[in-house]
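Trainee: My structure file upload38.txt, compact mmCIF, C-alpha atoms, is below:
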```txt
# COMPACT_ATOMS: atom_id res chain seq x y z
CA MET A 1 -134.15 -71.61 -72.86
CA LEU A 2 -130.82 -72.90 -71.61
CA SER A 3 -130.53 -76.56 -70.80
CA ARG A 4 -130.33 -77.63 -67.20
CA ALA A 5 -126.67 -78.71 -67.59
CA VAL A 6 -125.64 -75.29 -68.93
CA ARG A 7 -127.48 -73.47 -66.15
CA VAL A 8 -125.80 -75.68 -63.53
CA ALA A 9 -122.39 -75.05 -65.16
CA ILE A 10 -122.93 -71.27 -65.05
CA VAL A 11 -123.97 -71.39 -61.38
CA VAL A 12 -120.95 -73.59 -60.50
CA ALA A 13 -118.59 -71.24 -62.38
CA MET A 14 -120.01 -68.20 -60.57
CA LEU A 15 -119.75 -69.93 -57.20
CA GLY A 16 -116.14 -70.83 -57.99
CA LEU A 17 -115.41 -67.19 -58.80
CA VAL A 18 -117.03 -66.01 -55.56
CA VAL A 19 -115.07 -68.55 -53.47
CA THR A 20 -111.79 -67.64 -55.21
CA LEU A 21 -112.34 -63.93 -54.63
CA ALA A 22 -113.39 -64.51 -51.02
CA LEU A 23 -110.20 -66.50 -50.35
CA ALA A 24 -108.05 -63.93 -52.15
CA PHE A 25 -109.48 -61.01 -50.17
CA ARG A 26 -108.85 -62.81 -46.88
CA ARG A 27 -105.09 -62.83 -47.51
CA ASP A 28 -102.96 -60.09 -46.02
CA PRO A 29 -101.37 -58.29 -48.97
CA HIS A 30 -98.27 -57.64 -46.85
CA ASP A 31 -97.56 -61.33 -46.41
CA ILE A 32 -96.93 -62.42 -49.94
CA ARG A 33 -95.76 -65.94 -50.67
CA THR A 34 -93.32 -65.67 -53.54
CA GLY A 35 -90.56 -67.89 -54.82
CA THR A 36 -88.30 -67.64 -51.80
CA ILE A 37 -90.71 -68.76 -49.07
CA GLY A 38 -89.98 -72.28 -47.82
CA LYS A 39 -86.64 -72.32 -49.60
CA PRO A 40 -83.12 -71.95 -48.18
CA ALA A 41 -82.28 -68.29 -47.67
CA PRO A 42 -79.91 -67.12 -50.42
CA ALA A 43 -76.42 -66.95 -48.94
CA PHE A 44 -74.58 -63.66 -49.05
CA VAL A 45 -71.37 -62.07 -47.94
CA ALA A 46 -71.56 -58.29 -47.79
CA ASP A 47 -69.58 -55.34 -46.48
CA ARG A 48 -70.61 -54.07 -43.09
CA LEU A 49 -71.87 -50.54 -43.28
CA ASP A 50 -69.66 -49.44 -40.36
CA GLY A 51 -66.54 -50.54 -42.25
CA GLY A 52 -65.91 -53.45 -39.91
CA GLY A 53 -65.19 -56.02 -42.61
CA THR A 54 -67.68 -58.38 -44.14
CA LEU A 55 -70.69 -60.22 -42.81
CA SER A 56 -71.82 -63.63 -43.99
CA LEU A 57 -75.32 -64.96 -43.49
CA SER A 58 -73.85 -68.39 -42.86
CA ASP A 59 -72.31 -67.03 -39.62
CA TYR A 60 -75.81 -67.14 -38.16
CA THR A 61 -76.79 -70.69 -38.99
CA GLY A 62 -78.77 -72.17 -36.10
CA LYS A 63 -80.25 -68.81 -35.11
CA VAL A 64 -83.48 -67.06 -35.97
CA VAL A 65 -82.52 -64.30 -38.40
CA VAL A 66 -84.64 -61.30 -39.28
CA VAL A 67 -83.40 -59.63 -42.46
CA ASN A 68 -84.75 -56.14 -43.06
CA PHE A 69 -84.24 -54.28 -46.34
CA PHE A 70 -84.28 -50.54 -45.76
CA ALA A 71 -83.27 -47.13 -47.09
CA SER A 72 -83.23 -43.65 -45.63
CA TRP A 73 -85.25 -42.28 -48.57
CA CYS A 74 -88.05 -44.73 -47.76
CA LEU A 75 -90.65 -43.12 -45.49
CA PRO A 76 -92.28 -46.43 -44.39
CA CYS A 77 -88.80 -47.57 -43.26
CA THR A 78 -88.65 -44.60 -40.92
CA GLN A 79 -92.16 -45.43 -39.68
CA GLU A 80 -91.34 -49.05 -38.89
CA ASN A 81 -87.96 -48.33 -37.30
CA PRO A 82 -89.20 -47.80 -33.69
CA ALA A 83 -90.77 -51.30 -33.79
CA LEU A 84 -87.53 -52.80 -35.07
CA VAL A 85 -85.55 -51.03 -32.34
CA ARG A 86 -87.88 -52.30 -29.60
CA VAL A 87 -87.77 -55.86 -30.91
CA TYR A 88 -83.99 -55.72 -31.22
CA GLU A 89 -83.69 -54.64 -27.59
CA ARG A 90 -86.12 -57.36 -26.53
CA TYR A 91 -84.05 -60.15 -28.10
CA ARG A 92 -80.61 -58.61 -27.67
CA GLY A 93 -78.04 -61.29 -26.78
CA SER A 94 -80.45 -64.15 -27.51
CA ASP A 95 -80.69 -66.64 -30.34
CA VAL A 96 -82.39 -64.01 -32.49
CA VAL A 97 -80.32 -61.91 -34.87
CA MET A 98 -81.42 -58.85 -36.81
CA LEU A 99 -79.68 -57.80 -39.98
CA GLY A 100 -80.27 -54.71 -42.06
CA VAL A 101 -79.56 -54.61 -45.81
CA VAL A 102 -79.31 -51.20 -47.46
CA TYR A 103 -81.50 -50.92 -50.55
CA GLN A 104 -80.35 -48.73 -53.44
CA GLU A 105 -78.58 -46.10 -51.43
CA SER A 106 -75.04 -44.84 -50.96
CA ARG A 107 -73.11 -46.19 -47.99
CA ASP A 108 -72.51 -42.72 -46.51
CA SER A 109 -76.16 -41.78 -46.62
CA ALA A 110 -77.23 -45.14 -45.19
CA LEU A 111 -74.63 -44.96 -42.41
CA SER A 112 -75.84 -41.53 -41.41
CA TYR A 113 -79.43 -42.87 -41.27
CA VAL A 114 -78.38 -45.89 -39.20
CA LYS A 115 -76.68 -43.65 -36.62
CA ARG A 116 -79.57 -41.17 -36.54
CA MET A 117 -82.25 -43.86 -36.12
CA GLY A 118 -80.48 -45.83 -33.38
CA ILE A 119 -80.01 -48.95 -35.47
CA ASN A 120 -77.60 -50.97 -33.36
CA TRP A 121 -77.88 -54.24 -35.23
CA SER A 122 -75.56 -55.15 -38.10
CA ALA A 123 -76.29 -53.46 -41.38
CA VAL A 124 -74.65 -54.29 -44.68
CA ALA A 125 -74.27 -52.55 -48.03
CA ASP A 126 -75.75 -54.00 -51.20
CA ASP A 127 -74.27 -51.69 -53.84
CA ASP A 128 -75.09 -53.82 -56.88
CA GLY A 129 -78.45 -54.98 -55.50
CA ARG A 130 -77.51 -58.66 -55.70
CA VAL A 131 -78.75 -59.48 -52.19
CA ALA A 132 -82.09 -57.78 -52.81
CA LEU A 133 -82.50 -59.49 -56.19
CA SER A 134 -81.69 -62.91 -54.75
CA TYR A 135 -84.42 -62.42 -52.11
CA GLY A 136 -86.91 -61.16 -54.70
CA VAL A 137 -87.32 -57.77 -53.05
CA PHE A 138 -89.83 -55.45 -54.70
CA GLY A 139 -88.93 -52.38 -52.66
CA PRO A 140 -88.19 -51.32 -49.10
CA PRO A 141 -89.15 -51.99 -46.45
CA GLU A 142 -89.28 -55.76 -46.66
CA THR A 143 -88.60 -58.15 -43.83
CA PHE A 144 -87.71 -61.84 -44.07
CA PHE A 145 -87.89 -64.38 -41.25
CA ILE A 146 -85.23 -67.08 -41.52
CA GLY A 147 -85.39 -70.12 -39.27
CA PRO A 148 -82.45 -71.81 -37.54
CA ASP A 149 -82.48 -74.32 -40.40
CA GLY A 150 -81.66 -71.49 -42.81
CA VAL A 151 -85.03 -71.67 -44.55
CA ILE A 152 -87.10 -68.54 -45.23
CA ALA A 153 -90.28 -69.03 -43.22
CA GLY A 154 -91.98 -65.71 -43.86
CA ARG A 155 -91.84 -62.42 -45.62
CA HIS A 156 -93.48 -59.10 -44.84
CA ILE A 157 -93.80 -56.41 -47.48
CA GLY A 158 -94.22 -52.85 -46.25
CA PRO A 159 -93.74 -51.40 -42.76
CA ILE A 160 -93.81 -54.07 -40.09
CA ASP A 161 -95.14 -53.66 -36.55
CA GLU A 162 -93.90 -55.03 -33.25
CA THR A 163 -96.60 -57.70 -32.96
CA THR A 164 -95.92 -59.12 -36.41
CA LEU A 165 -92.20 -59.19 -35.69
CA ILE A 166 -92.58 -60.95 -32.33
CA THR A 167 -95.16 -63.40 -33.71
CA GLY A 168 -92.85 -64.34 -36.57
CA ILE A 169 -89.81 -64.69 -34.33
CA GLU A 170 -91.59 -66.69 -31.62
CA ALA A 171 -93.07 -69.10 -34.17
CA LEU A 172 -89.57 -69.90 -35.40
CA ARG A 173 -88.16 -70.20 -31.88
CA ARG A 174 -90.94 -72.62 -30.93
CA GLU A 175 -90.24 -74.67 -34.03
CA ALA A 176 -86.54 -74.76 -33.16
CA THR A 177 -87.13 -76.12 -29.66
CA ARG A 178 -89.48 -78.88 -30.86
CA MET B 179 -79.62 -60.14 -123.78
CA LYS B 180 -77.79 -57.65 -121.57
CA THR B 181 -81.02 -56.76 -119.75
CA ARG B 182 -81.72 -60.43 -119.01
CA ILE B 183 -78.26 -60.89 -117.53
CA VAL B 184 -78.74 -57.85 -115.30
CA ILE B 185 -82.16 -59.12 -114.11
CA ALA B 186 -80.76 -62.61 -113.46
CA ALA B 187 -77.84 -61.13 -111.52
CA ALA B 188 -80.23 -59.00 -109.47
CA PHE B 189 -82.34 -62.06 -108.61
CA LEU B 190 -79.23 -64.02 -107.67
CA ALA B 191 -78.03 -61.20 -105.43
CA LEU B 192 -81.45 -61.00 -103.79
CA ALA B 193 -81.53 -64.76 -103.23
CA ALA B 194 -78.03 -64.69 -101.75
CA ALA B 195 -79.02 -61.83 -99.43
CA LEU B 196 -82.11 -63.73 -98.29
CA VAL B 197 -80.11 -66.90 -97.65
CA LEU B 198 -77.51 -64.95 -95.68
CA ALA B 199 -80.19 -63.14 -93.66
CA ALA B 200 -82.08 -66.35 -92.88
CA ARG B 201 -78.92 -68.24 -91.96
CA PRO B 202 -79.07 -69.24 -88.29
CA HIS B 203 -76.40 -67.38 -86.37
CA GLU B 204 -75.13 -67.59 -82.84
CA PRO B 205 -76.62 -64.65 -80.89
CA THR B 206 -74.10 -62.25 -79.43
CA ALA B 207 -73.94 -61.69 -75.65
CA ASP B 208 -75.78 -58.37 -76.03
CA GLU B 209 -78.53 -60.01 -78.11
CA ARG B 210 -78.96 -62.67 -75.44
CA VAL B 211 -79.15 -60.06 -72.68
CA ASP B 212 -81.77 -58.16 -74.69
CA ARG B 213 -83.78 -61.31 -75.35
CA ILE B 214 -83.74 -62.48 -71.72
CA THR B 215 -84.48 -59.08 -70.20
CA ALA B 216 -87.34 -58.55 -72.67
CA GLU B 217 -89.00 -61.61 -71.10
CA LEU B 218 -88.47 -60.50 -67.49
CA ARG B 219 -90.97 -58.26 -65.71
CA CYS B 220 -89.58 -55.20 -63.94
CA PRO B 221 -90.59 -55.62 -60.25
CA VAL B 222 -91.02 -51.92 -59.59
CA CYS B 223 -92.83 -50.93 -62.79
CA GLN B 224 -96.30 -51.42 -64.21
CA GLY B 225 -96.24 -53.80 -67.15
CA LEU B 226 -92.71 -52.94 -68.28
CA SER B 227 -90.01 -55.43 -69.11
CA VAL B 228 -86.59 -55.22 -67.51
CA LYS B 229 -85.21 -54.34 -70.95
CA ASP B 230 -87.53 -51.35 -71.37
CA SER B 231 -87.55 -50.01 -67.82
CA PRO B 232 -85.32 -47.08 -66.85
CA SER B 233 -85.54 -47.94 -63.12
CA GLU B 234 -82.55 -48.70 -60.93
CA THR B 235 -83.91 -52.18 -60.11
CA ALA B 236 -84.19 -53.01 -63.82
CA ARG B 237 -80.64 -51.75 -64.38
CA GLN B 238 -79.38 -54.03 -61.61
CA MET B 239 -81.30 -56.94 -63.12
CA ARG B 240 -79.82 -56.25 -66.58
CA ASP B 241 -76.34 -56.16 -65.05
CA LEU B 242 -76.98 -59.50 -63.35
CA VAL B 243 -78.26 -61.06 -66.59
CA ALA B 244 -75.20 -59.75 -68.47
CA GLU B 245 -72.91 -61.21 -65.81
CA ARG B 246 -74.63 -64.61 -65.97
CA VAL B 247 -74.37 -64.59 -69.78
CA ARG B 248 -70.64 -63.88 -69.47
CA GLU B 249 -70.37 -66.78 -67.01
CA GLY B 250 -71.80 -69.07 -69.71
CA LYS B 251 -75.19 -69.74 -68.06
CA SER B 252 -78.02 -70.78 -70.36
CA ASP B 253 -81.15 -68.66 -70.84
CA ALA B 254 -83.17 -71.22 -68.86
CA GLU B 255 -80.70 -71.14 -65.96
CA ILE B 256 -80.79 -67.35 -65.82
CA GLU B 257 -84.60 -67.29 -65.94
CA ALA B 258 -84.70 -69.96 -63.24
CA GLU B 259 -82.60 -67.76 -60.95
CA PHE B 260 -85.10 -64.92 -61.20
CA ARG B 261 -88.06 -67.30 -60.87
CA ALA B 262 -86.54 -68.69 -57.67
CA ALA B 263 -86.53 -65.19 -56.21
CA TYR B 264 -89.71 -63.65 -57.63
CA GLY B 265 -91.77 -66.66 -58.68
CA ASP B 266 -93.32 -67.20 -62.11
CA TRP B 267 -94.67 -63.65 -61.80
CA VAL B 268 -91.33 -62.32 -63.01
CA LEU B 269 -91.86 -63.83 -66.46
CA LEU B 270 -93.95 -61.67 -68.78
CA SER B 271 -95.23 -64.85 -70.49
CA PRO B 272 -96.18 -67.34 -67.80
CA PRO B 273 -94.75 -70.82 -68.40
CA ILE B 274 -97.32 -73.33 -69.67
CA ALA B 275 -96.27 -76.04 -67.21
CA SER B 276 -97.26 -74.12 -64.07
CA TRP B 277 -100.36 -72.93 -62.22
CA SER B 278 -100.05 -69.51 -63.79
CA GLY B 279 -99.84 -71.29 -67.16
CA LEU B 280 -103.56 -72.03 -66.72
CA VAL B 281 -104.10 -68.53 -68.03
CA TRP B 282 -103.31 -69.90 -71.51
CA LEU B 283 -106.39 -72.10 -71.19
CA ALA B 284 -108.70 -69.14 -70.55
CA PRO B 285 -109.35 -68.31 -74.25
CA LEU B 286 -110.00 -72.00 -75.02
CA ALA B 287 -112.35 -72.26 -72.05
CA ALA B 288 -114.19 -69.12 -73.18
CA ILE B 289 -114.59 -70.49 -76.72
CA ALA B 290 -115.79 -73.86 -75.38
CA ALA B 291 -118.30 -72.14 -73.09
CA GLY B 292 -119.56 -70.03 -76.00
CA LEU B 293 -119.98 -73.08 -78.24
CA LEU B 294 -121.76 -74.93 -75.46
CA LEU B 295 -124.11 -72.02 -74.93
CA ALA B 296 -124.79 -71.62 -78.65
CA THR B 297 -125.42 -75.35 -79.10
CA ALA B 298 -127.78 -75.39 -76.14
CA ARG B 299 -129.73 -72.44 -77.54
CA VAL B 300 -129.97 -73.94 -81.03
CA ARG B 301 -131.08 -77.34 -79.73
CA GLY B 302 -133.27 -76.19 -76.90
CA GLY B 303 -134.91 -73.22 -78.61
CA ALA B 304 -138.69 -73.53 -79.03
CA PRO B 305 -139.88 -73.58 -82.69
CA ILE B 306 -141.65 -70.43 -83.82
CA ASN B 307 -145.36 -71.11 -84.09
CA VAL B 308 -146.90 -69.46 -87.11
CA ALA B 309 -150.61 -70.02 -86.89
CA GLU B 310 -152.61 -70.10 -90.08
CA PRO B 311 -154.78 -66.93 -90.34
CA SER B 312 -158.48 -67.53 -90.19
CA ALA B 313 -160.74 -66.85 -93.20
CA ALA B 314 -162.14 -63.76 -91.46
CA GLN B 315 -158.60 -62.37 -90.90
CA VAL B 316 -157.71 -62.98 -94.58
CA ALA B 317 -160.87 -61.25 -95.69
CA ALA B 318 -160.23 -58.25 -93.42
CA LEU B 319 -156.65 -57.94 -94.73
CA ARG B 320 -157.81 -58.10 -98.34
CA GLU B 321 -160.40 -55.45 -97.67
CA ARG B 322 -157.77 -53.20 -96.05
CA VAL B 323 -155.35 -53.62 -98.99
CA ALA B 324 -158.13 -52.79 -101.45
CA ARG B 325 -159.05 -49.72 -99.39
CA GLU B 326 -155.47 -48.47 -99.31
CA GLU B 327 -155.03 -49.06 -103.04
CA ALA B 328 -158.20 -47.11 -103.72
CA ALA B 329 -157.03 -44.29 -101.49
CA GLU B 330 -153.72 -44.07 -103.37
CA GLY B 331 -155.71 -43.77 -106.60
```
Go ahead and render the structure in this file as structure tokens.
Mentor:
Amino acid sequence: MLSRAVRVAIVVAMLGLVVTLALAFRRDPHDIRTGTIGKPAPAFVADRLDGGGTLSLSDYTGKVVVVNFFASWCLPCTQENPALVRVYERYRGSDVVMLGVVYQESRDSALSYVKRMGINWSAVADDDGRVALSYGVFGPPETFFIGPDGVIAGRHIGPIDETTLITGIEALRREATR
Amino acid sequence: MKTRIVIAAAFLALAAALVLAARPHEPTADERVDRITAELRCPVCQGLSVKDSPSETARQMRDLVAERVREGKSDAEIEAEFRAAYGDWVLLSPPIASWSGLVWLAPLAAIAAGLLLATARVRGGAPINVAEPSAAQVAALRERVAREEAAEG
């Protein structure tokens, strides 16, 4: 027979496993907290896709910035695009800025996609993948929420919907007005 | 005499080759890139290092590592850059001084648990009771043995 202490230890270990699994399964796999969350957003200067010079993230300090990594070959990007378009129109001209970063695609192909999909916000090229690597992107689509303080507050992996976008943006706007 | 000289020369040459091979040398830039990328996990693959992966993401990561090596960054600085972006996950061997480093304790914990269990069983196990057979049982057994021996002839 096992001693009482050993039996208690086994029960405690199994309970710990159950609690850990229960907590892990409660987490939304799309909202992954990796190295960049809670840290200053990596700065970048990149060529605008429309050929209109360069764009620097630092130009948007003090605003809520939504950075979306996308590609035309990525089907979930096409699926999430209507939500992005609606949210862009909702916040157009406000303190909220949306930026698109092309992920592993030629500029011509990405530009054609941007025009076809009605993407009216600024989109930049990332030919060598440095912007994506600095943000720890696994693959498109991925969306990052950057607060007016320049810190990454959230990250969404996979296609994003309108509610998640608005919730993320409004949380940062509320924080900014506090 | 000649044979001995040849054998001695061969040993000397072997010793010199071993010393030269074991001599610490400054790794080349390519060797450093290979070493660092072999330790980085490819984000879009399953269990492949950046060095071994043929994916575009891995190629971009190798290019970035090569550039940082050219800039004179140390291995630790380059690894830190990728950890800042992807977390400790990006390292194929999790660092000991981190939460994910707890995984290194798992084998020790398993061994400790096994020892604890074995000790508990050895100490707590009930002794085997072997009761002395009664005189009637001994007599019956003897009779049976005699019967079987007789049957075998």
Trainee: Quick one: distance from atom CA of Gly250 of chain B to atom CA of Gly225 of chain B in Å, one decimal?
Mentor: 28.9 Å
Trainee: What are the residues of chain B lining chain A at 8 Å or less? Count all atoms listed in the file, and put the answer as a list in words.
Mentor: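 Every residue meeting the condition is included here: Pro221, Val222, Glu234, Thr235, Gln238, Met239, Leu242, Glu259, Phe260, Arg261, Ala262, Ala263, Tyr264, Gly265, Asp266, Leu294, Leu295, Ala298, Arg299, Gly302, Gly303 and Ala304 of chain B.
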Trainee: Limited to C-alpha atoms, could you put the picked residues into a file as a PDB file, in the coordinates of the input?
Mentor:
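Generated file (result-v1.pdb):
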```pdb
ATOM      1  CA  PRO B 221     -90.590 -55.620 -60.250  1.00  0.00           C
ATOM      2  CA  VAL B 222     -91.020 -51.920 -59.590  1.00  0.00           C
ATOM      3  CA  GLU B 234     -82.550 -48.700 -60.930  1.00  0.00           C
ATOM      4  CA  THR B 235     -83.910 -52.180 -60.110  1.00  0.00           C
ATOM      5  CA  GLN B 238     -79.380 -54.030 -61.610  1.00  0.00           C
ATOM      6  CA  MET B 239     -81.300 -56.940 -63.120  1.00  0.00           C
ATOM      7  CA  LEU B 242     -76.980 -59.500 -63.350  1.00  0.00           C
ATOM      8  CA  GLU B 259     -82.600 -67.760 -60.950  1.00  0.00           C
ATOM      9  CA  PHE B 260     -85.100 -64.920 -61.200  1.00  0.00           C
ATOM     10  CA  ARG B 261     -88.060 -67.300 -60.870  1.00  0.00           C
ATOM     11  CA  ALA B 262     -86.540 -68.690 -57.670  1.00  0.00           C
ATOM     12  CA  ALA B 263     -86.530 -65.190 -56.210  1.00  0.00           C
ATOM     13  CA  TYR B 264     -89.710 -63.650 -57.630  1.00  0.00           C
ATOM     14  CA  GLY B 265     -91.770 -66.660 -58.680  1.00  0.00           C
ATOM     15  CA  ASP B 266     -93.320 -67.200 -62.110  1.00  0.00           C
ATOM     16  CA  LEU B 294    -121.760 -74.930 -75.460  1.00  0.00           C
ATOM     17  CA  LEU B 295    -124.110 -72.020 -74.930  1.00  0.00           C
ATOM     18  CA  ALA B 298    -127.780 -75.390 -76.140  1.00  0.00           C
ATOM     19  CA  ARG B 299    -129.730 -72.440 -77.540  1.00  0.00           C
ATOM     20  CA  GLY B 302    -133.270 -76.190 -76.900  1.00  0.00           C
ATOM     21  CA  GLY B 303    -134.910 -73.220 -78.610  1.00  0.00           C
ATOM     22  CA  ALA B 304    -138.690 -73.530 -79.030  1.00  0.00           C
TER      23      ALA B 304
END
```
Trainee: In Å, how far is it from atom CA of Ala153 of chain A to atom CA of Val97 of chain A?
Mentor: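 These two atoms are separated by 14.8 Å.
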Trainee: For the atom pair atom CA of Ala123 of chain A and atom CA of Asp47 of chain A, what is the interatomic distance in Å to one decimal place?
Mentor: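 Computing it gives 8.6 Å between the two atoms.
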Trainee: Taking (-87.5, -61.3, -41.7) in the file's coordinates as the center, which residues reach within 9 Å of it, counting all atoms listed in the file, put as a tab-separated table (two decimals) with C-alpha atoms, in the frame of the given file?
Mentor:
```tsv
chain	number	residue	atom	x	y	z
A	65	VAL	CA	-82.52	-64.30	-38.40
A	66	VAL	CA	-84.64	-61.30	-39.28
A	67	VAL	CA	-83.40	-59.63	-42.46
A	68	ASN	CA	-84.75	-56.14	-43.06
A	98	MET	CA	-81.42	-58.85	-36.81
A	99	LEU	CA	-79.68	-57.80	-39.98
A	142	GLU	CA	-89.28	-55.76	-46.66
A	143	THR	CA	-88.60	-58.15	-43.83
A	144	PHE	CA	-87.71	-61.84	-44.07
A	145	PHE	CA	-87.89	-64.38	-41.25
A	146	ILE	CA	-85.23	-67.08	-41.52
A	152	ILE	CA	-87.10	-68.54	-45.23
A	153	ALA	CA	-90.28	-69.03	-43.22
A	154	GLY	CA	-91.98	-65.71	-43.86
A	155	ARG	CA	-91.84	-62.42	-45.62
A	156	HIS	CA	-93.48	-59.10	-44.84
A	165	LEU	CA	-92.20	-59.19	-35.69
A	168	GLY	CA	-92.85	-64.34	-36.57
A	169	ILE	CA	-89.81	-64.69	-34.33
```
Trainee: Please identify all polymer residues within 12 Å of Glu105 of chain A, counting only C-alpha atoms, omitting same-chain residues fewer than 5 positions from it, and present them as a VMD selection string.
Mentor: (chain A and resid 49 69 to 74 110 to 113 124 to 129 140) or (chain B and resid 234 to 235)
